[in-house]
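Engineer: Provided below: final.pdb, containing PDB, C-alpha atoms.
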```
ATOM      1  CA  MET A 247      82.566 167.477 100.856
ATOM      2  CA  THR A 248      80.626 164.653  99.172
ATOM      3  CA  LYS A 249      82.078 161.290 100.203
ATOM      4  CA  CYS A 250      82.284 157.991  98.361
ATOM      5  CA  PHE A 251      80.880 154.982 100.179
ATOM      6  CA  ILE A 252      84.172 153.138  99.641
ATOM      7  CA  SER A 253      87.556 154.893  99.648
ATOM      8  CA  LEU A 254      88.960 154.197  96.197
ATOM      9  CA  THR A 255      92.067 156.147  97.164
ATOM     10  CA  GLU A 256      92.751 153.789 100.045
ATOM     11  CA  ALA A 257      92.030 150.790  97.814
ATOM     12  CA  ARG A 258      94.632 152.058  95.357
ATOM     13  CA  ASN A 259      97.000 152.637  98.244
ATOM     14  CA  ILE A 260      96.649 149.002  99.283
ATOM     15  CA  CYS A 261      97.442 147.894  95.717
ATOM     16  CA  TYR A 262     100.612 149.976  95.692
ATOM     17  CA  ARG A 263     101.668 148.608  99.083
ATOM     18  CA  SER A 264     101.276 145.133  97.631
ATOM     19  CA  THR A 265     103.415 146.136  94.642
ATOM     20  CA  PHE A 266     106.180 147.384  96.930
ATOM     21  CA  THR A 267     106.047 144.221  99.015
ATOM     22  CA  LYS A 268     106.151 141.972  95.947
ATOM     23  CA  SER A 269     109.138 143.995  94.737
ATOM     24  CA  GLY A 270     111.105 142.830  97.772
ATOM     25  CA  LEU A 271     110.661 145.891  99.980
ATOM     26  CA  GLN A 272     109.454 146.216 103.554
ATOM     27  CA  SER A 273     107.966 149.111 105.488
ATOM     28  CA  THR A 274     110.121 150.404 108.359
ATOM     29  CA  THR A 275     110.046 153.262 110.859
ATOM     30  CA  THR A 276     113.312 154.647 112.218
ATOM     31  CA  ASP A 277     113.964 156.963 115.148
ATOM     32  CA  LEU A 278     116.812 159.265 114.064
ATOM     33  CA  LEU A 279     117.923 159.502 117.709
ATOM     34  CA  ASP A 280     117.813 163.298 117.726
ATOM     35  CA  GLY A 281     114.953 163.360 120.195
ATOM     36  CA  ALA A 282     112.660 164.866 117.570
ATOM     37  CA  THR A 283     112.509 163.013 114.257
ATOM     38  CA  THR A 284     111.038 159.721 113.082
ATOM     39  CA  MET A 285     111.180 158.585 109.454
ATOM     40  CA  HIS A 286     109.277 155.947 107.540
ATOM     41  CA  CYS A 287     111.048 154.194 104.678
ATOM     42  CA  TRP A 288     110.591 151.262 102.335
ATOM     43  CA  ILE A 289     113.844 149.292 102.361
ATOM     44  CA  PRO A 290     115.016 145.990 100.837
ATOM     45  CA  LYS A 291     113.989 142.947 102.862
ATOM     46  CA  THR A 292     117.376 141.461 102.044
ATOM     47  CA  PRO A 293     119.906 143.898 100.561
ATOM     48  CA  ILE A 294     122.179 142.265  97.985
ATOM     49  CA  LEU A 295     125.770 143.393  98.430
ATOM     50  CA  THR A 296     126.560 143.101  94.712
ATOM     51  CA  LYS A 297     123.762 145.506  93.797
ATOM     52  CA  PRO A 298     124.240 149.294  93.869
ATOM     53  CA  ASN A 299     121.928 151.378  96.058
ATOM     54  CA  LEU A 300     119.232 153.711  94.752
ATOM     55  CA  LEU A 301     117.375 156.348  96.775
ATOM     56  CA  LEU A 302     114.015 157.614  95.469
ATOM     57  CA  ILE A 303     112.636 160.894  96.855
ATOM     58  CA  HIS A 304     109.013 161.877  96.251
ATOM     59  CA  GLY A 305     107.494 165.321  95.737
ATOM     60  CA  PHE A 306     104.233 166.920  96.829
ATOM     61  CA  GLY A 307     100.971 165.278  95.837
ATOM     62  CA  PRO A 308     100.172 161.583  96.363
ATOM     63  CA  ASN A 309     102.387 159.663  98.754
ATOM     64  CA  ALA A 310     105.626 157.917  97.769
ATOM     65  CA  LEU A 311     103.771 154.689  96.969
ATOM     66  CA  TRP A 312     101.792 156.427  94.230
ATOM     67  CA  GLN A 313     104.747 158.373  92.856
ATOM     68  CA  TRP A 314     107.024 155.334  92.463
ATOM     69  CA  GLY A 315     104.520 152.479  92.225
ATOM     70  CA  ASP A 316     104.604 152.234  88.424
ATOM     71  CA  VAL A 317     108.396 151.766  88.198
ATOM     72  CA  ILE A 318     109.419 150.240  91.523
ATOM     73  CA  HIS A 319     109.298 146.607  90.365
ATOM     74  CA  LYS A 320     111.615 147.422  87.465
ATOM     75  CA  LEU A 321     114.112 149.360  89.568
ATOM     76  CA  THR A 322     114.432 146.666  92.243
ATOM     77  CA  SER A 323     115.720 144.329  89.535
ATOM     78  CA  PHE A 324     118.884 146.416  89.328
ATOM     79  CA  PHE A 325     119.218 148.132  92.719
ATOM     80  CA  ASN A 326     118.768 147.913  96.436
ATOM     81  CA  VAL A 327     116.002 150.528  96.466
ATOM     82  CA  TYR A 328     115.168 152.837  99.380
ATOM     83  CA  VAL A 329     111.981 154.928  99.334
ATOM     84  CA  PRO A 330     111.574 157.226 102.358
ATOM     85  CA  ASP A 331     108.733 159.525 103.290
ATOM     86  CA  LEU A 332     110.194 162.988 103.684
ATOM     87  CA  VAL A 333     109.547 164.718 106.995
ATOM     88  CA  PHE A 334     105.840 165.702 107.313
ATOM     89  CA  PHE A 335     104.813 163.192 104.652
ATOM     90  CA  GLY A 336     103.379 159.745 105.271
ATOM     91  CA  GLY A 337     104.880 158.226 108.391
ATOM     92  CA  SER A 338     107.702 160.765 108.889
ATOM     93  CA  TYR A 339     107.561 163.587 111.416
ATOM     94  CA  SER A 340     109.755 165.958 113.419
ATOM     95  CA  THR A 341     109.178 168.411 116.230
ATOM     96  CA  LYS A 342     112.076 170.538 114.970
ATOM     97  CA  PRO A 343     111.092 173.903 113.439
ATOM     98  CA  ASP A 344     113.411 173.652 110.413
ATOM     99  CA  ARG A 345     111.515 173.532 107.084
ATOM    100  CA  THR A 346     114.396 173.795 104.585
ATOM    101  CA  GLU A 347     115.459 171.220 102.025
ATOM    102  CA  GLN A 348     118.806 171.159 103.870
ATOM    103  CA  PHE A 349     117.014 169.751 106.915
ATOM    104  CA  GLN A 350     115.230 167.181 104.742
ATOM    105  CA  ALA A 351     118.570 166.144 103.217
ATOM    106  CA  GLU A 352     120.184 165.788 106.637
ATOM    107  CA  CYS A 353     117.329 163.571 107.832
ATOM    108  CA  VAL A 354     117.468 161.397 104.725
ATOM    109  CA  MET A 355     121.231 160.991 105.022
ATOM    110  CA  LYS A 356     120.967 160.041 108.685
ATOM    111  CA  LEU A 357     118.297 157.492 107.748
ATOM    112  CA  MET A 358     120.526 155.978 105.061
ATOM    113  CA  GLU A 359     123.477 155.794 107.438
ATOM    114  CA  MET A 360     121.312 153.979 109.972
ATOM    115  CA  ASN A 361     120.484 151.490 107.213
ATOM    116  CA  SER A 362     124.232 151.020 106.559
ATOM    117  CA  VAL A 363     124.076 152.664 103.129
ATOM    118  CA  LYS A 364     127.309 154.481 102.357
ATOM    119  CA  LYS A 365     127.068 154.979  98.577
ATOM    120  CA  MET A 366     123.997 155.614  96.457
ATOM    121  CA  SER A 367     122.506 157.157  93.351
ATOM    122  CA  VAL A 368     119.513 159.439  93.894
ATOM    123  CA  VAL A 369     116.345 160.365  92.006
ATOM    124  CA  GLY A 370     114.068 163.217  93.081
ATOM    125  CA  LEU A 371     110.653 164.201  91.747
ATOM    126  CA  SER A 372     109.709 167.897  91.935
ATOM    127  CA  TYR A 373     110.183 168.892  95.614
ATOM    128  CA  GLY A 374     112.190 165.689  95.955
ATOM    129  CA  GLY A 375     114.515 167.101  93.299
ATOM    130  CA  PHE A 376     115.373 170.009  95.597
ATOM    131  CA  VAL A 377     116.206 167.494  98.320
ATOM    132  CA  VAL A 378     118.386 165.189  96.189
ATOM    133  CA  TYR A 379     120.261 168.177  94.771
ATOM    134  CA  THR A 380     120.981 169.387  98.297
ATOM    135  CA  LEU A 381     121.919 165.848  99.329
ATOM    136  CA  ALA A 382     124.423 165.660  96.466
ATOM    137  CA  ALA A 383     125.913 169.026  97.411
ATOM    138  CA  MET A 384     126.199 168.235 101.122
ATOM    139  CA  TYR A 385     127.353 164.615 100.858
ATOM    140  CA  LYS A 386     129.589 164.460  97.793
ATOM    141  CA  GLU A 387     131.300 161.212  98.784
ATOM    142  CA  ALA A 388     128.045 159.342  99.346
ATOM    143  CA  VAL A 389     126.077 160.392  96.261
ATOM    144  CA  GLU A 390     127.308 158.889  92.992
ATOM    145  CA  ARG A 391     124.759 159.868  90.320
ATOM    146  CA  VAL A 392     121.862 162.335  90.432
ATOM    147  CA  VAL A 393     118.520 162.540  88.631
ATOM    148  CA  VAL A 394     116.559 165.775  89.088
ATOM    149  CA  CYS A 395     113.005 165.611  87.761
ATOM    150  CA  ALA A 396     111.163 168.887  87.169
ATOM    151  CA  ALA A 397     112.579 170.668  90.224
ATOM    152  CA  GLY A 398     113.199 174.412  89.974
ATOM    153  CA  VAL A 399     116.443 174.257  91.922
ATOM    154  CA  CYS A 400     117.734 177.379  90.171
ATOM    155  CA  MET A 401     114.661 179.494  90.795
ATOM    156  CA  GLU A 402     115.088 182.799  92.622
ATOM    157  CA  GLU A 403     112.733 184.564  94.984
ATOM    158  CA  LYS A 404     112.234 187.365  92.466
ATOM    159  CA  ASP A 405     110.964 184.930  89.798
ATOM    160  CA  ILE A 406     107.559 184.779  91.471
ATOM    161  CA  SER A 407     106.929 188.533  91.288
ATOM    162  CA  GLN A 408     108.302 188.606  87.730
ATOM    163  CA  GLY A 409     105.579 186.285  86.478
ATOM    164  CA  LEU A 410     107.522 183.080  85.805
ATOM    165  CA  PHE A 411     104.886 180.986  87.583
ATOM    166  CA  VAL A 412     101.203 180.397  86.879
ATOM    167  CA  VAL A 413     100.403 181.550  90.414
ATOM    168  CA  SER A 414     100.844 185.146  91.480
ATOM    169  CA  ASP A 415     102.448 184.588  94.883
ATOM    170  CA  VAL A 416     103.725 181.941  97.286
ATOM    171  CA  GLU A 417     100.495 181.775  99.259
ATOM    172  CA  GLU A 418      98.523 180.874  96.162
ATOM    173  CA  ALA A 419     101.090 178.154  95.379
ATOM    174  CA  VAL A 420     100.636 176.858  98.919
ATOM    175  CA  ARG A 421      96.865 176.592  98.501
ATOM    176  CA  VAL A 422      97.226 174.718  95.203
ATOM    177  CA  LEU A 423     100.077 172.355  96.114
ATOM    178  CA  VAL A 424      98.458 171.344  99.401
ATOM    179  CA  PRO A 425      94.821 171.338  98.244
ATOM    180  CA  GLN A 426      92.045 171.314 100.797
ATOM    181  CA  THR A 427      89.103 171.775  98.438
ATOM    182  CA  VAL A 428      87.927 170.001  95.305
ATOM    183  CA  ASP A 429      88.403 173.176  93.253
ATOM    184  CA  LYS A 430      92.040 173.523  94.317
ATOM    185  CA  LEU A 431      92.694 169.842  93.571
ATOM    186  CA  LYS A 432      91.234 170.292  90.102
ATOM    187  CA  GLU A 433      93.480 173.316  89.664
ATOM    188  CA  LEU A 434      96.499 171.252  90.693
ATOM    189  CA  ILE A 435      95.637 168.475  88.241
ATOM    190  CA  GLY A 436      95.245 171.063  85.497
ATOM    191  CA  TYR A 437      98.680 172.531  86.194
ATOM    192  CA  THR A 438     100.534 169.219  86.464
ATOM    193  CA  MET A 439      99.193 167.338  83.433
ATOM    194  CA  TYR A 440      99.780 168.154  79.759
ATOM    195  CA  LYS A 441      96.390 166.697  78.867
ATOM    196  CA  PRO A 442      94.370 166.639  82.095
ATOM    197  CA  PRO A 443      91.114 164.693  82.138
ATOM    198  CA  PRO A 444      87.935 166.756  81.608
ATOM    199  CA  MET A 445      87.331 168.212  85.050
ATOM    200  CA  GLY A 446      83.582 167.950  84.675
ATOM    201  CA  LEU A 447      83.900 164.172  84.375
ATOM    202  CA  LEU A 448      85.792 163.766  87.648
ATOM    203  CA  PRO A 449      83.279 162.916  90.402
ATOM    204  CA  SER A 450      83.578 165.276  93.357
ATOM    205  CA  CYS A 451      83.296 162.338  95.746
ATOM    206  CA  LEU A 452      86.475 160.791  94.304
ATOM    207  CA  LEU A 453      88.381 164.062  94.606
ATOM    208  CA  SER A 454      87.094 164.601  98.138
ATOM    209  CA  ASP A 455      88.147 161.072  99.033
ATOM    210  CA  PHE A 456      91.639 161.763  97.667
ATOM    211  CA  ILE A 457      91.956 164.958  99.713
ATOM    212  CA  GLU A 458      90.772 163.260 102.895
ATOM    213  CA  THR A 459      93.132 160.308 102.413
ATOM    214  CA  MET A 460      96.209 162.042 101.004
ATOM    215  CA  CYS A 461      96.154 165.753 101.829
ATOM    216  CA  ASN A 462      94.948 166.220 105.405
ATOM    217  CA  ASP A 463      98.078 165.321 107.390
ATOM    218  CA  TYR A 464     100.619 167.975 108.452
ATOM    219  CA  VAL A 465      98.930 170.614 106.280
ATOM    220  CA  GLU A 466     100.589 173.672 107.818
ATOM    221  CA  GLU A 467     103.975 171.953 108.031
ATOM    222  CA  LYS A 468     103.839 171.109 104.319
ATOM    223  CA  ARG A 469     102.816 174.655 103.491
ATOM    224  CA  ASP A 470     105.811 175.928 105.439
ATOM    225  CA  LEU A 471     108.057 173.634 103.381
ATOM    226  CA  ILE A 472     106.810 175.395 100.232
ATOM    227  CA  ARG A 473     107.246 178.843 101.760
ATOM    228  CA  ALA A 474     110.848 177.992 102.658
ATOM    229  CA  ILE A 475     111.887 177.144  99.074
ATOM    230  CA  PRO A 476     111.979 180.655  97.506
ATOM    231  CA  LYS A 477     112.853 182.550 100.677
ATOM    232  CA  ASN A 478     116.007 184.618  99.949
ATOM    233  CA  ARG A 479     116.888 182.161  97.148
ATOM    234  CA  LYS A 480     119.564 183.356  94.718
ATOM    235  CA  ILE A 481     121.319 181.393  91.982
ATOM    236  CA  LEU A 482     124.729 182.679  92.992
ATOM    237  CA  GLU A 483     124.319 181.061  96.405
ATOM    238  CA  ILE A 484     123.258 177.648  95.061
ATOM    239  CA  PRO A 485     126.197 175.203  95.106
ATOM    240  CA  LYS A 486     127.242 173.440  91.909
ATOM    241  CA  ILE A 487     127.170 169.677  92.246
ATOM    242  CA  THR A 488     129.916 167.654  90.538
ATOM    243  CA  GLN A 489     128.299 164.230  90.187
ATOM    244  CA  PRO A 490     127.023 163.035  86.791
ATOM    245  CA  THR A 491     123.506 164.487  86.629
ATOM    246  CA  MET A 492     120.471 163.904  84.432
ATOM    247  CA  ILE A 493     117.789 166.605  84.411
ATOM    248  CA  LEU A 494     114.375 165.407  83.225
ATOM    249  CA  TRP A 495     111.687 167.926  82.297
ATOM    250  CA  GLY A 496     108.258 167.923  80.710
ATOM    251  CA  GLU A 497     108.083 170.069  77.583
ATOM    252  CA  HIS A 498     104.882 171.752  78.784
ATOM    253  CA  ASP A 499     105.561 171.942  82.520
ATOM    254  CA  GLN A 500     103.413 174.681  84.084
ATOM    255  CA  VAL A 501     104.614 174.254  87.677
ATOM    256  CA  PHE A 502     108.278 174.839  86.831
ATOM    257  CA  ARG A 503     108.731 176.104  83.294
ATOM    258  CA  LEU A 504     111.318 174.451  81.070
ATOM    259  CA  GLU A 505     113.408 177.603  81.522
ATOM    260  CA  PHE A 506     114.249 176.403  85.044
ATOM    261  CA  GLY A 507     115.591 173.129  83.689
ATOM    262  CA  GLN A 508     117.744 175.030  81.227
ATOM    263  CA  ARG A 509     119.011 177.252  84.039
ATOM    264  CA  LEU A 510     119.965 174.198  86.073
ATOM    265  CA  LYS A 511     121.852 172.683  83.147
ATOM    266  CA  ARG A 512     123.833 175.898  82.685
ATOM    267  CA  HIS A 513     124.472 176.140  86.415
ATOM    268  CA  ILE A 514     125.890 172.620  86.765
ATOM    269  CA  GLY A 515     127.747 172.688  83.461
ATOM    270  CA  GLU A 516     129.246 169.783  81.553
ATOM    271  CA  ASN A 517     128.442 167.172  84.200
ATOM    272  CA  ALA A 518     124.721 167.551  83.497
ATOM    273  CA  GLU A 519     122.458 166.610  80.603
ATOM    274  CA  LEU A 520     118.959 168.002  80.117
ATOM    275  CA  ILE A 521     116.366 165.692  78.575
ATOM    276  CA  VAL A 522     113.015 167.157  77.589
ATOM    277  CA  ILE A 523     110.066 164.777  77.428
ATOM    278  CA  LYS A 524     107.786 165.838  74.609
ATOM    279  CA  LYS A 525     104.029 166.278  74.998
ATOM    280  CA  ALA A 526     104.258 166.015  78.785
ATOM    281  CA  GLY A 527     103.768 168.327  81.732
ATOM    282  CA  HIS A 528     105.047 168.406  85.302
ATOM    283  CA  GLY A 529     103.647 164.937  85.921
ATOM    284  CA  PHE A 530     105.569 163.224  83.123
ATOM    285  CA  ASN A 531     106.265 160.272  85.425
ATOM    286  CA  ILE A 532     102.534 159.532  85.127
ATOM    287  CA  GLU A 533     101.884 160.710  81.576
ATOM    288  CA  LYS A 534     104.976 159.147  79.985
ATOM    289  CA  THR A 535     105.901 156.324  82.368
ATOM    290  CA  LYS A 536     107.636 154.110  79.789
ATOM    291  CA  GLU A 537     109.755 156.926  78.383
ATOM    292  CA  TYR A 538     110.530 158.115  81.909
ATOM    293  CA  PHE A 539     111.752 154.662  82.955
ATOM    294  CA  THR A 540     113.801 154.296  79.761
ATOM    295  CA  HIS A 541     115.717 157.469  80.622
ATOM    296  CA  LEU A 542     116.260 156.294  84.204
ATOM    297  CA  LYS A 543     117.571 152.944  82.997
ATOM    298  CA  THR A 544     119.882 154.503  80.415
ATOM    299  CA  PHE A 545     121.427 156.867  82.951
ATOM    300  CA  LEU A 546     121.473 154.700  86.071
ATOM    301  CA  VAL A 547     121.814 151.135  84.778
ATOM    302  CA  ASP A 548     123.425 151.106  81.347
ATOM    303  CA  HIS A 549     126.540 152.887  82.589
ATOM    304  CA  LEU A 550     127.022 150.045  85.097
ATOM    305  CA  ASN A 551     127.033 147.541  82.255
ATOM    306  CA  LYS A 552     129.572 149.649  80.350
ATOM    307  CA  SER A 553     131.782 149.886  83.443
ATOM    308  CA  SER A 554     131.712 146.136  84.065
ATOM    309  CA  SER A 555     132.472 145.403  80.417
ATOM    310  CA  VAL A 556     135.845 147.150  80.616
ATOM    311  CA  LEU A 557     136.971 145.480  83.827
ATOM    312  CA  PRO A 558     139.958 143.097  83.451
ATOM    313  CA  VAL A 559     139.071 139.416  83.311
TER
END
```
Taking this structure as input, can you express it in the form of structure tokens?

Structural biologist:
Amino acid sequence: MTKCFISLTEARNICYRSTFTKSGLQSTTTDLLDGATTMHCWIPKTPILTKPNLLLIHGFGPNALWQWGDVIHKLTSFFNVYVPDLVFFGGSYSTKPDRTEQFQAECVMKLMEMNSVKKMSVVGLSYGGFVVYTLAAMYKEAVERVVVCAAGVCMEEKDISQGLFVVSDVEEAVRVLVPQTVDKLKELIGYTMYKPPPMGLLPSCLLSDFIETMCNDYVEEKRDLIRAIPKNRKILEIPKITQPTMILWGEHDQVFRLEFGQRLKRHIGENAELIVIKKAGHGFNIEKTKEYFTHLKTFLVDHLNKSSSVLPV
């Protein structure tokens, strides 16, 4: 691969780390005391007891810094915010063989308990949406409100062979979602953005730099995480969560079609609302950042103001 003289990806990473630090967060690494698992997480330097807690779970692609960097400073104004790296991402790792979202949820919950967090709202992007949904199902008393962003929780294994995805099989999805070549990264960008930049104008050295910086750690482990999602998956076996839930979806999502968001809404029922972001794809958090944050604030913050306004004086 052609390399850039200076890593612009790493430079951007440093900027995002600065943003997180200025937002009152600190980088921590926690041994889960299971003899196998270590997790990295950004946590409040000084948690404020009067603030509610908010857990943000990233998806595949750039690390958690990149996925939350554009909204983190706004969210920390209202919440004690926790941003972990899922297992096999960033600074989190396990020697256990489990690759299911149930295992990810268990690790995240253990991490939160070790940070003395007993109640929280959760937001999950794409793969992170699978994890927060599972977290809400497994730990009903701890999870208060749920935001699922473009996560095909209600997909079934048969959907792949029936043509509901742009890729023809799981192995092709694996090669795209964990790209190791410039061509596959371009393919991923094309699938995730409603209006992707002209691929011919993207310098190969920048894309190579991104792959080397962001995509070369735990490659096979990440691919196994993807393979585990559809395996024997059936809607009838997916639990229905009971917490208030907002489902956010890009109108032109090619990774998980809007149909999967509609399925999830029907599956959960009256406790869920589906909001479709117009003229946006799978990466609506990047394409429509302001609208995305507005929906988060309305669902996660405004209800707190309504609740406090009816309290007795």

Engineer: Would you mind reading off the distance between CA of Thr292 in chain A and CA of Phe324 in chain A, one decimal, in Å?

Structural biologist: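 Straight-line distance from CA of Thr292 in chain A to CA of Phe324 in chain A works out to 13.7 Å.
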
Engineer: Rank nothing, just name the residue among A:Gln350, A:Asn551, A:Thr284, A:Thr274 nearest to Val378 in chain A, using all atoms listed in the file.

Structural biologist: A:Gln350

Engineer: Listing only residues of range 288-396 of chain A within 6 Å of range 473-493 of chain A, what is the closest atom pair and its distance in Å (to one decimal) for each, using all atoms listed in the file, sorted by chain and residue number ascending, as JSON lines?

Structural biologist:
```
{"residue": "A:Thr346", "atom": "CA", "partner": "A:Ala474", "partner_atom": "CA", "distance": 5.8}
{"residue": "A:Ala383", "atom": "CA", "partner": "A:Ile487", "partner_atom": "CA", "distance": 5.4}
{"residue": "A:Arg391", "atom": "CA", "partner": "A:Pro490", "partner_atom": "CA", "distance": 5.3}
{"residue": "A:Val392", "atom": "CA", "partner": "A:Thr491", "partner_atom": "CA", "distance": 4.7}
{"residue": "A:Val393", "atom": "CA", "partner": "A:Met492", "partner_atom": "CA", "distance": 4.8}
{"residue": "A:Val394", "atom": "CA", "partner": "A:Ile493", "partner_atom": "CA", "distance": 4.9}
{"residue": "A:Cys395", "atom": "CA", "partner": "A:Ile493", "partner_atom": "CA", "distance": 5.9}
```

Engineer: Those residues with C-alpha atoms, as a compact mmCIF listing (two decimals), in the frame of the given file please?

Structural biologist:
```txt
# COMPACT_ATOMS: atom_id res chain seq x y z
CA THR A 346 114.40 173.80 104.58
CA ALA A 383 125.91 169.03 97.41
CA ARG A 391 124.76 159.87 90.32
CA VAL A 392 121.86 162.34 90.43
CA VAL A 393 118.52 162.54 88.63
CA VAL A 394 116.56 165.78 89.09
CA CYS A 395 113.00 165.61 87.76
```

Engineer: In Å, rounded to a single decimal, give me how far CA of Lys430 in chain A is from CA of Cys287 in chain A.

Structural biologist: 29.0 Å

Engineer: What would the selection look like, as a PyMOL selection string, if the PyMOL selection byres ((chain A and resi 297) around 10) were run on the coordinates I just shared?

Structural biologist: chain A and resi 293-296+298-300+322-327

Engineer: Take the residues from that selection and put them in a file with C-alpha atoms, as a tab-separated table (two decimals), keeping the file's coordinate frame.

Structural biologist:
```
chain	number	residue	atom	x	y	z
A	293	PRO	CA	119.91	143.90	100.56
A	294	ILE	CA	122.18	142.26	97.98
A	295	LEU	CA	125.77	143.39	98.43
A	296	THR	CA	126.56	143.10	94.71
A	298	PRO	CA	124.24	149.29	93.87
A	299	ASN	CA	121.93	151.38	96.06
A	300	LEU	CA	119.23	153.71	94.75
A	322	THR	CA	114.43	146.67	92.24
A	323	SER	CA	115.72	144.33	89.54
A	324	PHE	CA	118.88	146.42	89.33
A	325	PHE	CA	119.22	148.13	92.72
A	326	ASN	CA	118.77	147.91	96.44
A	327	VAL	CA	116.00	150.53	96.47
```

Engineer: Have a look at CA of Ile523 in chain A and CA of Ile435 in chain A and let me know their distance in Å, one decimal.

Structural biologist: 18.4 Å

Engineer: Using all atoms listed in the file, which residues sit within 12 Å of Ala257 in chain A once same-chain residues fewer than 2 positions away are excluded, as a PyMOL selection string?

Structural biologist: chain A and resi 252-255+259-264+312+452+455-456+459

Engineer: Would you save the residues from that selection as a PDB file, in the frame of the given file, using C-alpha atoms?

Structural biologist:
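Saved file selection31.pdb follows:
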```
ATOM      1  CA  ILE A 252      84.172 153.138  99.641  1.00  0.00           C
ATOM      2  CA  SER A 253      87.556 154.893  99.648  1.00  0.00           C
ATOM      3  CA  LEU A 254      88.960 154.197  96.197  1.00  0.00           C
ATOM      4  CA  THR A 255      92.067 156.147  97.164  1.00  0.00           C
ATOM      5  CA  ASN A 259      97.000 152.637  98.244  1.00  0.00           C
ATOM      6  CA  ILE A 260      96.649 149.002  99.283  1.00  0.00           C
ATOM      7  CA  CYS A 261      97.442 147.894  95.717  1.00  0.00           C
ATOM      8  CA  TYR A 262     100.612 149.976  95.692  1.00  0.00           C
ATOM      9  CA  ARG A 263     101.668 148.608  99.083  1.00  0.00           C
ATOM     10  CA  SER A 264     101.276 145.133  97.631  1.00  0.00           C
ATOM     11  CA  TRP A 312     101.792 156.427  94.230  1.00  0.00           C
ATOM     12  CA  LEU A 452      86.475 160.791  94.304  1.00  0.00           C
ATOM     13  CA  ASP A 455      88.147 161.072  99.033  1.00  0.00           C
ATOM     14  CA  PHE A 456      91.639 161.763  97.667  1.00  0.00           C
ATOM     15  CA  THR A 459      93.132 160.308 102.413  1.00  0.00           C
TER      16      THR A 459
END
```

Engineer: Translate the PyMOL selection byres ((chain A and resi 375) around 9) into a concrete residue list for this structure, as a list in words.

Structural biologist: Ile303, His304, Gly305, Val369, Gly370, Leu371, Ser372, Tyr373, Gly374, Phe376, Val377, Val378, Tyr379, Thr380, Val393, Val394, Cys395, Ala396, Ala397, Gly398 and Val399 of chain A

Engineer: Quick one: residues within 10 Å of (120.7, 164.2, 106.5) (file frame), counting only C-alpha atoms, please, as an MDAnalysis selection string.

Structural biologist: chainID A and resid 278 347:359 377 380:381 384:385

Engineer: Just give me the residues with any atom within 9 Å of (98.8, 180.7, 87.1), file coordinates, counting all atoms listed in the file, written as a list in words.

Structural biologist: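 The requested residues, written out, are Gly409, Phe411, Val412, Val413, Ser414, Ala419, Tyr437, Gln500 and Val501 of chain A.
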
Engineer: Would you pick out the contacts of Arg469 in chain A at 12 Å or less, using all atoms listed in the file, so that residues sharing its chain but fewer than 2 positions from it are not included, and give the list as number ranges by chain?

Structural biologist: A: 306, 334-335, 345-346, 416-426, 461-467, 471-475

Engineer: Show which residues sit within 8 Å of Val317 in chain A, as JSON, numbers by chain. Count all atoms listed in the file, and ignore same-chain residues fewer than 3 positions away.

Structural biologist: {"A": [314, 320, 321, 535, 539]}

Engineer: Can you sort out range 466-476 of chain A so it carries N, CA and C atoms, written as a PDB file, in the frame of the given file?

Structural biologist:
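Below is the file out34.pdb, written as the result:
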```
ATOM      1  N   GLU A 466      99.825 172.435 107.622  1.00  0.00           N
ATOM      2  CA  GLU A 466     100.589 173.672 107.818  1.00  0.00           C
ATOM      3  C   GLU A 466     102.089 173.425 107.687  1.00  0.00           C
ATOM      4  N   GLU A 467     102.552 172.265 108.158  1.00  0.00           N
ATOM      5  CA  GLU A 467     103.975 171.953 108.031  1.00  0.00           C
ATOM      6  C   GLU A 467     104.379 171.863 106.559  1.00  0.00           C
ATOM      7  N   LYS A 468     103.541 171.208 105.752  1.00  0.00           N
ATOM      8  CA  LYS A 468     103.839 171.109 104.319  1.00  0.00           C
ATOM      9  C   LYS A 468     103.823 172.488 103.663  1.00  0.00           C
ATOM     10  N   ARG A 469     102.878 173.307 104.061  1.00  0.00           N
ATOM     11  CA  ARG A 469     102.816 174.655 103.491  1.00  0.00           C
ATOM     12  C   ARG A 469     104.066 175.460 103.846  1.00  0.00           C
ATOM     13  N   ASP A 470     104.573 175.244 105.039  1.00  0.00           N
ATOM     14  CA  ASP A 470     105.811 175.928 105.439  1.00  0.00           C
ATOM     15  C   ASP A 470     107.010 175.432 104.627  1.00  0.00           C
ATOM     16  N   LEU A 471     106.996 174.156 104.239  1.00  0.00           N
ATOM     17  CA  LEU A 471     108.057 173.634 103.381  1.00  0.00           C
ATOM     18  C   LEU A 471     108.083 174.388 102.054  1.00  0.00           C
ATOM     19  N   ILE A 472     106.909 174.657 101.499  1.00  0.00           N
ATOM     20  CA  ILE A 472     106.810 175.395 100.232  1.00  0.00           C
ATOM     21  C   ILE A 472     107.278 176.825 100.412  1.00  0.00           C
ATOM     22  N   ARG A 473     106.851 177.450 101.510  1.00  0.00           N
ATOM     23  CA  ARG A 473     107.246 178.843 101.760  1.00  0.00           C
ATOM     24  C   ARG A 473     108.760 178.974 101.906  1.00  0.00           C
ATOM     25  N   ALA A 474     109.406 177.929 102.404  1.00  0.00           N
ATOM     26  CA  ALA A 474     110.848 177.992 102.658  1.00  0.00           C
ATOM     27  C   ALA A 474     111.674 177.924 101.373  1.00  0.00           C
ATOM     28  N   ILE A 475     111.111 177.349 100.304  1.00  0.00           N
ATOM     29  CA  ILE A 475     111.887 177.144  99.074  1.00  0.00           C
ATOM     30  C   ILE A 475     112.378 178.470  98.472  1.00  0.00           C
ATOM     31  N   PRO A 476     111.495 179.435  98.177  1.00  0.00           N
ATOM     32  CA  PRO A 476     111.979 180.655  97.506  1.00  0.00           C
ATOM     33  C   PRO A 476     112.592 181.692  98.443  1.00  0.00           C
TER      34      PRO A 476
END
```
